[in-house]
Amino acid sequence: MKRLRNYFLWIILAIGVTSCGKDDFNPADAENIVDLGGGTWAKGDIDEWISDSLITPYNINVKYKWDAFEDLGDISAIIVPPKEDYVIPILRAIRNTWIFPYIHVASTTFFNPISPKLIYMVGSPAFEESGAIKLGTAEGGKKIILLAVNFSKTKEMEGYSAADSSWIKQMFLTIHHEFGHILHQHTLYPPDFKNLNPDLITSNWQDYSDEEALRDGFITAYSMNTIDDDFVEIISHLLVNGNTWFEQMLASIPDGVSRRGTTKEQAIARLRSKKSIVENYYRQVWNINFSNLQSQVRAAVEEALY
């Protein structure tokens with residue numbers, strides 16, 4: 001994620017996105033701005049699709065209009081709404097690669113009660129104080145804020161190219177990451193997971209590359225942020241990228257010792273233990289066969305991207 005930071009910044013500068021400080025904006029100013037929180041608009045095709053495809057079957061609503069009064073938690077940056085042409089294609093891709101696999105392997109009886117009730121779509125990314133990109137967040141299991149929507153395209157969208165696949169894949173990773181948080185907020189993962197590498201967790205994760213993190217037994221550098229993030233990063237990457245990718249990552253770990261004293265053998269053992277704990281957690285807590293879920297997600301991802 002760190003290595004994407006400069007790329008994000010370059011794109012934002014290139015398209016001329018500008019912002020002002022938070023203190024410069026008065027929400028009352030939105031009262032006379034059409035479609036910026038103070039205006040009203042008739043429901044259109046997007047709203048009908050959301051109602052038919054998400055609200056009615058799964059009780060998940062979506063906000064995609066900019067709202068000066070929306071509580072975005074710790075996201076303090078001035079934000080922009082998503083491009084409306086992007087809303088349905090991205091939501092359809094998310095539904096196909098997230099909701100449908102869980103429904104197929106488990107059921108609506110499992111998914112509907114535990115699923116977030118609101119997806120808030122934001123066109124722009126947000127940034128941590130460190131400068132790292134933030135692409136999404138889950139709040140109390142009830143709302144997922146999906147950021148950087150305007151940088152993602154699906155295969156069905158005009159102008160889609162192979163380069164866009166990495167952006168939309170990152171969005172799939174984000175939604176599975178955030179849903180992983182919702183799962184462990186309902187029922188915590190086993191204590192064994194906390195004992196695998198507690199001394200290597202660091203709030204300075206952005207100072208490490210993904211390759212360095214892998215050498216210490218983390219699937220990404222962001223996994224080192226918290227134990228919770230370590231757990232859900234394993235979930236999201238195994239589901240979206242699959243077992244073949246996982247084995248390739250393990251094989252890519254170089255011989256020798258990492259800068260924090262981890263051997264290749266220790267790193268591989270940690271990652272295999274994490275994978276095993278995740279699989280057992282899904283089976284024992286949620287009665288879900290993780291391998292079956294993984295197959296469903298992978299097939300949907302391949303269909304969405306290639």
# chains A, B, ... in the order shown; residues from 1 in each chain; ligands from 1

call {"tool": "select_by_dssp", "arguments": {"residues": "stretch 187-283 of chain A", "states": "alpha helix (DSSP H)", "output": "ChimeraX atom specification"}}
result
/A:191-194,210-215,227-251,264-283

call {"tool": "write_last_selection", "arguments": {"atoms": "C-alpha atoms", "output": "mmCIF file, in the first residue's frame"}}
result
data_model
loop_
_atom_site.group_PDB
_atom_site.id
_atom_site.type_symbol
_atom_site.label_atom_id
_atom_site.label_comp_id
_atom_site.auth_asym_id
_atom_site.auth_seq_id
_atom_site.Cartn_x
_atom_site.Cartn_y
_atom_site.Cartn_z
ATOM 1 C CA PRO A 191 -6.013 -16.455 20.850
ATOM 2 C CA ASP A 192 -3.450 -18.547 18.970
ATOM 3 C CA PHE A 193 -3.468 -15.991 16.186
ATOM 4 C CA LYS A 194 -2.422 -13.229 18.586
ATOM 5 C CA ASP A 210 5.483 -5.624 1.226
ATOM 6 C CA GLU A 211 8.572 -7.693 0.444
ATOM 7 C CA GLU A 212 10.134 -6.869 3.823
ATOM 8 C CA ALA A 213 6.862 -7.654 5.584
ATOM 9 C CA LEU A 214 6.680 -11.002 3.833
ATOM 10 C CA ARG A 215 10.109 -11.902 5.159
ATOM 11 C CA ILE A 227 -3.235 -8.002 14.899
ATOM 12 C CA ASP A 228 -6.790 -7.423 13.646
ATOM 13 C CA ASP A 229 -5.434 -6.128 10.331
ATOM 14 C CA ASP A 230 -3.044 -9.062 10.120
ATOM 15 C CA PHE A 231 -6.017 -11.423 10.431
ATOM 16 C CA VAL A 232 -8.237 -9.754 7.833
ATOM 17 C CA GLU A 233 -5.405 -9.180 5.350
ATOM 18 C CA ILE A 234 -4.881 -12.935 5.274
ATOM 19 C CA ILE A 235 -8.616 -13.396 4.668
ATOM 20 C CA SER A 236 -8.885 -10.839 1.891
ATOM 21 C CA HIS A 237 -5.764 -11.903 -0.005
ATOM 22 C CA LEU A 238 -6.519 -15.606 0.200
ATOM 23 C CA LEU A 239 -10.058 -15.006 -1.094
ATOM 24 C CA VAL A 240 -9.232 -12.533 -3.854
ATOM 25 C CA ASN A 241 -5.805 -13.818 -4.950
ATOM 26 C CA GLY A 242 -6.149 -17.535 -4.188
ATOM 27 C CA ASN A 243 -3.947 -20.419 -3.050
ATOM 28 C CA THR A 244 -1.668 -20.468 -6.096
ATOM 29 C CA TRP A 245 -0.765 -16.838 -5.459
ATOM 30 C CA PHE A 246 -0.212 -17.632 -1.766
ATOM 31 C CA GLU A 247 2.206 -20.454 -2.571
ATOM 32 C CA GLN A 248 4.050 -18.211 -5.028
ATOM 33 C CA MET A 249 4.434 -15.590 -2.307
ATOM 34 C CA LEU A 250 5.904 -18.154 0.060
ATOM 35 C CA ALA A 251 8.299 -19.377 -2.613
ATOM 36 C CA LYS A 264 12.736 -17.843 5.835
ATOM 37 C CA GLU A 265 11.566 -20.989 7.599
ATOM 38 C CA GLN A 266 9.981 -18.975 10.420
ATOM 39 C CA ALA A 267 8.214 -16.644 7.982
ATOM 40 C CA ILE A 268 6.756 -19.532 5.991
ATOM 41 C CA ALA A 269 5.648 -21.322 9.166
ATOM 42 C CA ARG A 270 3.892 -18.172 10.431
ATOM 43 C CA LEU A 271 2.037 -17.616 7.173
ATOM 44 C CA ARG A 272 0.923 -21.240 6.964
ATOM 45 C CA SER A 273 -0.264 -21.066 10.575
ATOM 46 C CA LYS A 274 -2.240 -17.914 9.823
ATOM 47 C CA LYS A 275 -3.891 -19.555 6.827
ATOM 48 C CA SER A 276 -4.786 -22.619 8.895
ATOM 49 C CA ILE A 277 -6.259 -20.515 11.716
ATOM 50 C CA VAL A 278 -8.391 -18.543 9.233
ATOM 51 C CA GLU A 279 -9.725 -21.738 7.644
ATOM 52 C CA ASN A 280 -10.542 -23.238 11.057
ATOM 53 C CA TYR A 281 -12.148 -19.985 12.220
ATOM 54 C CA TYR A 282 -14.532 -19.944 9.245
ATOM 55 C CA ARG A 283 -15.430 -23.587 9.754
#

call {"tool": "closest_residue", "arguments": {"among": "A:Lys63, A:Lys43, A:Arg92, A:Lys83", "to": "A:Ile119", "atoms": "only C-alpha atoms"}}
result
A:Lys63

call {"tool": "select_by_dssp", "arguments": {"residues": "stretch 115-212 of chain A", "states": "strand (DSSP E)", "output": "list in words"}}
result
Leu118, Ile119, Tyr120, Met121, Ala126, Phe127, Ile133, Lys134, Gly136, Thr137, Ala138, Glu139, Lys143, Ile144, Ile145 and Leu146 of chain A

call {"tool": "residues_around", "arguments": {"residues": "A:Ser258", "least_positions_apart": "4", "cutoff": "7 Å", "atoms": "only C-alpha atoms", "output": "tab-separated table (two decimals) with C-alpha atoms, in the first residue's frame"}}
result
chain	number	residue	atom	x	y	z
A	215	ARG	CA	10.11	-11.90	5.16
A	216	ASP	CA	8.70	-11.49	8.68
A	262	THR	CA	13.12	-13.71	11.04
A	263	THR	CA	14.39	-16.67	9.04

call {"tool": "residues_around", "arguments": {"residues": "A:Leu200", "least_positions_apart": "3", "cutoff": "9 Å", "atoms": "only C-alpha atoms", "output": "ChimeraX atom specification"}}
result
/A:197,216,224,260

call {"tool": "write_last_selection", "arguments": {"atoms": "C-alpha atoms", "output": "mmCIF file, in the first residue's frame"}}
result
data_model
loop_
_atom_site.group_PDB
_atom_site.id
_atom_site.type_symbol
_atom_site.label_atom_id
_atom_site.label_comp_id
_atom_site.auth_asym_id
_atom_site.auth_seq_id
_atom_site.Cartn_x
_atom_site.Cartn_y
_atom_site.Cartn_z
ATOM 1 C CA ASN A 197 4.099 -12.489 15.968
ATOM 2 C CA ASP A 216 8.700 -11.487 8.678
ATOM 3 C CA MET A 224 1.781 -5.243 10.603
ATOM 4 C CA ARG A 260 14.049 -7.948 12.278
#

call {"tool": "residues_around", "arguments": {"residues": "A:Glu156", "least_positions_apart": "4", "cutoff": "10 Å", "atoms": "only C-alpha atoms", "output": "list in words"}}
result
Pro89, Ile90, Ala93, Tyr160, Ala304 and Leu305 of chain A
